[in-house]
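Engineer: Just dropping this structure here.
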Amino acid sequence: MPSDEQKKPAKSVKDEEVDDHEDDDEGTKSEPEAGDDTAQVEGGKKKRKRKGKGKVAQALNNVISSVGGSKDKDKIPQALVDTVVQAVNAQGGVIKDDELSAAGPSTSKVVAAGEKKPVTEEEVRKALEILKAVDVLQGKTGLGGKNAKEMGDYKFWKTQPVVKLGEQVSGTDGPIEPSVPREQVRQDPYQLPTNFVWSQIDMEDPEQKREVYELLSQNYVEDHDAAFRFKYSAEFLEWALTPPGYHKEWHIGVRGQPKNKLVAFISGVPLKLRVRDHVLDVSEINYLCIHKKLRAKRLTPVLIKEVTRQCHLKGVFQAIYTAGVVLPTPVSTARYYHRTLNIPKLVDVNFTYVPRNSTLARMIKLAVLPAKPSLPGLREMEEKDLDAVDSLLSRYLQRFKMFPEFSKEEVRHNLLSGRGVGEIGADGTPGRRSKQVVWTYVVEHPETHQITDFFSFYSLPSTIMKSTKHSLLEAAYLFYYATDVAFQYETDVKTPIQRRLTELIGDALVLANNAKFDVVNAMTLMDNWSFLTDLKFGPGDGYLNFYLYNWRTQGLEGHSPLEAAQGGGQGVGRGLGVVML
């Protein structure tokens, strides 16, 4: 949910949003939508139907239905608050006086009569403290339009080796299903509907890369209002999908006949991932996309099964993936935060708005950044820095519970291969090269010439769907970073590390601003929480759920801290040391 100066674009989902809709029976009839004024009754006559309760009232009534008049005084769990905030705002809902009274007794006024605004965590927590609603955590209760069948059953995911919703994970980490020899893996592709065929996509072929680019650009994730849509460049996709050791067989397309047009895509890339004490060979699954006109063809489950089959043929039986929707079962959840840069443009396109108690001029003044970076020795990373950056990143990532173990070649690919061509500013845009995807800077100590810090961010713009003035939202995403201050104060992130990271990422904001980005996005992972507030990042309305396929482990700390007994104890974000593109 946005703060007073923030509104999130299409950035909360990294895979095509998938639940059980594609696995339901096509003949299932839906009930009249909420808000319909008439309902069919006996004899074919229409009877005036009483207006339904507001979205919030419906959601909260669902939540409290199983606790009734319970007087349990336990604290409302943070996960429940976040679920309600996410679900209600996803539906465009607001809490009003009449909705609270409909949901149950209330002693606090949340929104003045007639006013509407995004729901805040504080407002939801107040309401839930009154209602004492807790059963939604078990996946039994619907929110934001999800009914019990959709949230509770998950037909497809019930057949997969994933932790079930509500299942308590304790004891030893390990696979849910054992690995099998290659000869026991299904050898034939899964069957597609009539007039569709499988297609292995070669991301190094310009024509096929263009096809993927066009499919994603026209059909990939949008925000809830269909105002913004990811716009992946061909250079970005090549950078993201061709790391060292990638497998072409894991880039899977579906083509429609007879025109042979690419209508669906899913990808995987290999990754060595440490999850607590275990190092796993996993596939990072991403960019699941189906043409809008084919969403009823049930292609999603078969795409997932086919990429799983291809991974099994390579001896890989675990995967990591993300989604904005809740599936069985997130191992962690991170929240999006946004640092606005080009405020006039962001207001024009309704990414953010001017609060009632502020002005556009005041917003611009509060968000102003220095003209130049401040850290001595800050410069762009070069090939000669690779060994030092590789060592620094490897050590730094060990602070977290789940993180990638990159080879030196992977570090080179991630931080250097997407730096573009030509000189900075040569194409008329200051601060960036032609076709640049990633920006990486190091801090070289002026005296010892040691690399003490580095940071990186990448470009992922969004198409602006509902503006006649602007066509593209230029968004930068915080990527990997590290500082050797962490090795001097390993247990204290609130003082020396926090100060250093604030300086480091503060300079990243300056460089992003100079490169004409409109906004910088970050998530509650790694040590980001320590500097988000000081650097004026505001909370967005997007949450990204992290999932592990065929691996059982306790929850990892993302946007909310966990008790040590629950697998946490380190603080916000410290469970997640992996950045998903």
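By order of appearance in the structure tokens: chains A, B, ..., then residues from 1 within every chain, and ligands from 1 in the order shown.
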Within 9 Å of A:Gly577, counting only C-alpha atoms, which residues qualify if same-chain residues fewer than 4 places away don't, as a list in words?
Structural biologist: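 Selected residues are Leu397, Gln398, Arg399, Phe400, Lys401, Met402, Phe403, Pro404, Tyr480, Leu525, Met526, Asp527 and Gly573 of chain A.
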Engineer: With C-alpha atoms retained, export the selected residues as a short mmCIF file (atom, residue, chain, number, x, y, z; two decimals), in the first residue's frame.
Structural biologist:
data_model
loop_
_atom_site.label_atom_id
_atom_site.label_comp_id
_atom_site.auth_asym_id
_atom_site.auth_seq_id
_atom_site.Cartn_x
_atom_site.Cartn_y
_atom_site.Cartn_z
CA LEU A 397 26.18 -12.77 1.36
CA GLN A 398 27.03 -15.18 4.15
CA ARG A 399 25.25 -12.78 6.50
CA PHE A 400 21.92 -14.11 5.22
CA LYS A 401 20.04 -17.41 5.54
CA MET A 402 19.38 -17.94 1.81
CA PHE A 403 21.78 -16.64 -0.82
CA PRO A 404 23.38 -17.61 -4.14
CA TYR A 480 23.66 -6.66 -5.14
CA LEU A 525 15.75 -8.14 1.81
CA MET A 526 19.46 -8.25 2.63
CA ASP A 527 20.33 -5.20 4.80
CA GLY A 573 15.26 -8.96 5.42
#
Engineer: Among stretch 400-525 of chain A, which ones does DSSP assign to strand (DSSP E) (computed from the backbone)? Answer as an mmCIF file with N, CA, C and O atoms, in the first residue's frame.
Structural biologist:
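Dumped everything to out-v1.cif:
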data_model
loop_
_atom_site.group_PDB
_atom_site.id
_atom_site.type_symbol
_atom_site.label_atom_id
_atom_site.label_comp_id
_atom_site.auth_asym_id
_atom_site.auth_seq_id
_atom_site.Cartn_x
_atom_site.Cartn_y
_atom_site.Cartn_z
ATOM 1 N N MET A 402 19.498 -17.373 3.161
ATOM 2 C CA MET A 402 19.379 -17.944 1.811
ATOM 3 C C MET A 402 20.053 -16.990 0.837
ATOM 4 O O MET A 402 19.695 -15.811 0.748
ATOM 5 N N PHE A 403 21.042 -17.489 0.107
ATOM 6 C CA PHE A 403 21.781 -16.641 -0.817
ATOM 7 C C PHE A 403 22.437 -17.483 -1.905
ATOM 8 O O PHE A 403 22.692 -18.671 -1.727
ATOM 9 N N PRO A 404 22.715 -16.875 -3.062
ATOM 10 C CA PRO A 404 23.385 -17.612 -4.143
ATOM 11 C C PRO A 404 24.885 -17.707 -3.892
ATOM 12 O O PRO A 404 25.492 -16.772 -3.353
ATOM 13 N N VAL A 438 22.788 -2.787 -16.528
ATOM 14 C CA VAL A 438 23.208 -2.796 -15.133
ATOM 15 C C VAL A 438 24.305 -1.753 -14.912
ATOM 16 O O VAL A 438 25.146 -1.516 -15.786
ATOM 17 N N TRP A 439 24.259 -1.124 -13.747
ATOM 18 C CA TRP A 439 25.245 -0.133 -13.315
ATOM 19 C C TRP A 439 25.947 -0.684 -12.081
ATOM 20 O O TRP A 439 25.279 -1.036 -11.091
ATOM 21 N N THR A 440 27.269 -0.776 -12.091
ATOM 22 C CA THR A 440 28.030 -1.294 -10.957
ATOM 23 C C THR A 440 29.182 -0.340 -10.644
ATOM 24 O O THR A 440 29.961 0.012 -11.533
ATOM 25 N N TYR A 441 29.260 0.047 -9.379
ATOM 26 C CA TYR A 441 30.299 0.979 -8.930
ATOM 27 C C TYR A 441 31.013 0.392 -7.721
ATOM 28 O O TYR A 441 30.402 -0.294 -6.887
ATOM 29 N N VAL A 442 32.299 0.655 -7.640
ATOM 30 C CA VAL A 442 33.115 0.205 -6.515
ATOM 31 C C VAL A 442 33.680 1.428 -5.792
ATOM 32 O O VAL A 442 33.747 2.532 -6.346
ATOM 33 N N VAL A 443 34.073 1.206 -4.532
ATOM 34 C CA VAL A 443 34.793 2.223 -3.768
ATOM 35 C C VAL A 443 36.217 1.714 -3.560
ATOM 36 O O VAL A 443 36.418 0.657 -2.948
ATOM 37 N N GLU A 444 37.161 2.434 -4.101
ATOM 38 C CA GLU A 444 38.579 2.081 -3.964
ATOM 39 C C GLU A 444 39.215 2.980 -2.903
ATOM 40 O O GLU A 444 39.152 4.209 -3.005
ATOM 41 N N ILE A 451 39.488 -2.552 -2.729
ATOM 42 C CA ILE A 451 38.057 -2.361 -2.980
ATOM 43 C C ILE A 451 37.331 -2.643 -1.673
ATOM 44 O O ILE A 451 37.309 -3.780 -1.197
ATOM 45 N N THR A 452 36.750 -1.601 -1.090
ATOM 46 C CA THR A 452 36.109 -1.741 0.221
ATOM 47 C C THR A 452 34.597 -1.914 0.126
ATOM 48 O O THR A 452 33.977 -2.433 1.052
ATOM 49 N N ASP A 453 34.012 -1.455 -0.967
ATOM 50 C CA ASP A 453 32.553 -1.503 -1.109
ATOM 51 C C ASP A 453 32.199 -1.579 -2.601
ATOM 52 O O ASP A 453 32.998 -1.208 -3.453
ATOM 53 N N PHE A 454 30.995 -2.027 -2.866
ATOM 54 C CA PHE A 454 30.446 -1.906 -4.216
ATOM 55 C C PHE A 454 28.931 -1.901 -4.124
ATOM 56 O O PHE A 454 28.340 -2.355 -3.135
ATOM 57 N N PHE A 455 28.284 -1.369 -5.146
ATOM 58 C CA PHE A 455 26.833 -1.470 -5.265
ATOM 59 C C PHE A 455 26.473 -1.592 -6.729
ATOM 60 O O PHE A 455 27.269 -1.271 -7.622
ATOM 61 N N SER A 456 25.274 -2.056 -6.993
ATOM 62 C CA SER A 456 24.795 -2.198 -8.367
ATOM 63 C C SER A 456 23.288 -1.985 -8.409
ATOM 64 O O SER A 456 22.580 -2.205 -7.406
ATOM 65 N N PHE A 457 22.801 -1.542 -9.541
ATOM 66 C CA PHE A 457 21.363 -1.474 -9.788
ATOM 67 C C PHE A 457 21.134 -1.729 -11.272
ATOM 68 O O PHE A 457 22.053 -1.592 -12.089
ATOM 69 N N TYR A 458 19.935 -2.155 -11.615
ATOM 70 C CA TYR A 458 19.634 -2.467 -13.007
ATOM 71 C C TYR A 458 18.381 -1.732 -13.460
ATOM 72 O O TYR A 458 17.562 -1.276 -12.647
ATOM 73 N N SER A 459 18.234 -1.628 -14.760
ATOM 74 C CA SER A 459 17.121 -0.901 -15.365
ATOM 75 C C SER A 459 16.023 -1.865 -15.795
ATOM 76 O O SER A 459 16.280 -2.840 -16.500
ATOM 77 N N SER A 462 8.842 0.423 -17.260
ATOM 78 C CA SER A 462 7.466 -0.026 -17.460
ATOM 79 C C SER A 462 6.785 0.860 -18.486
ATOM 80 O O SER A 462 7.000 2.087 -18.508
ATOM 81 N N THR A 463 5.979 0.255 -19.328
ATOM 82 C CA THR A 463 5.141 1.017 -20.244
ATOM 83 C C THR A 463 4.029 1.687 -19.450
ATOM 84 O O THR A 463 3.399 1.058 -18.590
ATOM 85 N N ILE A 464 3.804 2.969 -19.708
ATOM 86 C CA ILE A 464 2.712 3.702 -19.062
ATOM 87 C C ILE A 464 1.489 3.584 -19.959
ATOM 88 O O ILE A 464 1.481 4.062 -21.091
ATOM 89 N N LEU A 472 6.879 5.953 -20.986
ATOM 90 C CA LEU A 472 7.771 5.005 -20.318
ATOM 91 C C LEU A 472 8.121 5.507 -18.918
ATOM 92 O O LEU A 472 8.480 6.668 -18.735
ATOM 93 N N LEU A 473 7.999 4.605 -17.954
ATOM 94 C CA LEU A 473 8.433 4.869 -16.587
ATOM 95 C C LEU A 473 9.820 4.252 -16.417
ATOM 96 O O LEU A 473 9.976 3.032 -16.485
ATOM 97 N N ALA A 475 12.522 2.933 -14.361
ATOM 98 C CA ALA A 475 12.702 2.430 -13.000
ATOM 99 C C ALA A 475 14.039 1.717 -12.865
ATOM 100 O O ALA A 475 14.410 0.903 -13.716
ATOM 101 N N ALA A 476 14.756 2.037 -11.798
ATOM 102 C CA ALA A 476 15.989 1.327 -11.443
ATOM 103 C C ALA A 476 15.700 0.444 -10.239
ATOM 104 O O ALA A 476 14.954 0.841 -9.337
ATOM 105 N N TYR A 477 16.294 -0.734 -10.226
ATOM 106 C CA TYR A 477 16.113 -1.680 -9.125
ATOM 107 C C TYR A 477 17.445 -1.930 -8.440
ATOM 108 O O TYR A 477 18.440 -2.252 -9.098
ATOM 109 N N LEU A 478 17.442 -1.786 -7.124
ATOM 110 C CA LEU A 478 18.654 -2.068 -6.374
ATOM 111 C C LEU A 478 19.004 -3.538 -6.528
ATOM 112 O O LEU A 478 18.148 -4.416 -6.373
ATOM 113 N N PHE A 479 20.272 -3.818 -6.844
ATOM 114 C CA PHE A 479 20.730 -5.186 -7.103
ATOM 115 C C PHE A 479 21.653 -5.596 -5.955
ATOM 116 O O PHE A 479 21.365 -5.312 -4.792
ATOM 117 N N TYR A 480 22.758 -6.216 -6.219
ATOM 118 C CA TYR A 480 23.655 -6.662 -5.143
ATOM 119 C C TYR A 480 24.600 -5.541 -4.718
ATOM 120 O O TYR A 480 24.951 -4.657 -5.503
ATOM 121 N N TYR A 481 25.004 -5.593 -3.448
ATOM 122 C CA TYR A 481 25.964 -4.640 -2.894
ATOM 123 C C TYR A 481 26.704 -5.327 -1.754
ATOM 124 O O TYR A 481 26.300 -6.410 -1.276
ATOM 125 N N ALA A 482 27.791 -4.705 -1.294
ATOM 126 C CA ALA A 482 28.551 -5.257 -0.163
ATOM 127 C C ALA A 482 29.478 -4.180 0.379
ATOM 128 O O ALA A 482 29.881 -3.264 -0.348
ATOM 129 N N THR A 483 29.806 -4.297 1.649
ATOM 130 C CA THR A 483 30.766 -3.408 2.288
ATOM 131 C C THR A 483 31.611 -4.198 3.271
ATOM 132 O O THR A 483 31.096 -5.099 3.956
ATOM 133 N N VAL A 519 12.429 6.608 -10.741
ATOM 134 C CA VAL A 519 12.212 6.027 -9.425
ATOM 135 C C VAL A 519 13.232 4.914 -9.210
ATOM 136 O O VAL A 519 13.677 4.272 -10.174
ATOM 137 N N VAL A 520 13.635 4.696 -7.968
ATOM 138 C CA VAL A 520 14.488 3.568 -7.605
ATOM 139 C C VAL A 520 13.686 2.666 -6.674
ATOM 140 O O VAL A 520 13.111 3.132 -5.679
ATOM 141 N N ASN A 521 13.642 1.382 -7.004
ATOM 142 C CA ASN A 521 12.878 0.407 -6.229
ATOM 143 C C ASN A 521 13.816 -0.517 -5.452
ATOM 144 O O ASN A 521 14.878 -0.892 -5.952
ATOM 145 N N ALA A 522 13.404 -0.865 -4.258
ATOM 146 C CA ALA A 522 14.150 -1.809 -3.422
ATOM 147 C C ALA A 522 13.151 -2.652 -2.657
ATOM 148 O O ALA A 522 11.950 -2.349 -2.627
ATOM 149 N N MET A 523 13.640 -3.716 -2.044
ATOM 150 C CA MET A 523 12.767 -4.610 -1.295
ATOM 151 C C MET A 523 13.322 -4.828 0.105
ATOM 152 O O MET A 523 14.484 -4.518 0.391
#
Engineer: For the atom pair atom CA of A:Ala512 and atom CA of A:Gly542, what is the interatomic distance in Å to one decimal place?
Structural biologist: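 Computed distance, atom CA of A:Ala512 to atom CA of A:Gly542, equals 21.7 Å.
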Engineer: So how far away is atom CA of A:Ala264 from atom CA of A:Thr300, in Å?
Structural biologist: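 Value for the atom CA of A:Thr300-atom CA of A:Ala264 distance: 8.9 Å.
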Engineer: Which residue, A:Leu509, A:Met203, A:Leu532, A:Val84, has the smallest gap to A:Ser374 when you use only C-alpha atoms?
Structural biologist: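 Once distances to A:Ser374 are computed over only C-alpha atoms, the minimum belongs to A:Leu509.
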Engineer: Which neighbours of stretch 173-184 of chain A fall inside 6 Å, counting only C-alpha atoms, when residues of the same chain fewer than 3 positions from it are skipped, and could you give them as a list in words?
Structural biologist: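 With the cut-off at 6 Å, the set is Pro161, Leu313, Asn550, Trp551, Arg552 and Thr553 of chain A.
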Engineer: Just write the chosen residues, N, CA, C and O atoms, as a CSV table (one decimal), in the first residue's frame.
Structural biologist:
chain,number,residue,atom,x,y,z
A,161,PRO,N,5.4,-31.1,-5.1
A,161,PRO,CA,6.2,-31.3,-3.9
A,161,PRO,C,6.5,-29.9,-3.3
A,161,PRO,O,7.7,-29.4,-3.4
A,313,LEU,N,15.6,-33.7,-16.1
A,313,LEU,CA,16.5,-34.4,-17.0
A,313,LEU,C,18.0,-33.9,-16.9
A,313,LEU,O,18.9,-34.6,-17.3
A,550,ASN,N,10.2,-28.3,-3.9
A,550,ASN,CA,10.8,-29.6,-3.5
A,550,ASN,C,11.9,-29.4,-2.4
A,550,ASN,O,12.9,-30.1,-2.4
A,551,TRP,N,11.6,-28.4,-1.5
A,551,TRP,CA,12.6,-28.2,-0.4
A,551,TRP,C,11.8,-27.7,0.8
A,551,TRP,O,11.0,-26.7,0.7
A,552,ARG,N,12.0,-28.4,1.9
A,552,ARG,CA,11.3,-28.0,3.1
A,552,ARG,C,12.3,-27.3,4.1
A,552,ARG,O,13.3,-27.8,4.4
A,553,THR,N,11.9,-26.1,4.5
A,553,THR,CA,12.7,-25.4,5.5
A,553,THR,C,11.8,-24.4,6.2
A,553,THR,O,10.7,-24.1,5.7
Engineer: Ranking A:Ala319, A:Ala486, A:Val307, A:Leu346 by minimum distance to A:Leu392 and counting only C-alpha atoms, which one comes first?
Structural biologist: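 That would be A:Ala486, the residue with the smallest distance to A:Leu392.
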Engineer: Atom CA of A:Val325 and atom CA of A:Asn528, how far apart in Å?
Structural biologist: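 Calculated distance between atom CA of A:Asn528 and atom CA of A:Val325 is 22.7 Å.
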Engineer: I'd like the neighbourhood of A:Ala371 as a ChimeraX atom specification, where a residue qualifies if any of its atoms comes within 12 Å (using only C-alpha atoms), though same-chain residues fewer than 3 positions away should be ignored.
Structural biologist: /A:368,374,506-515
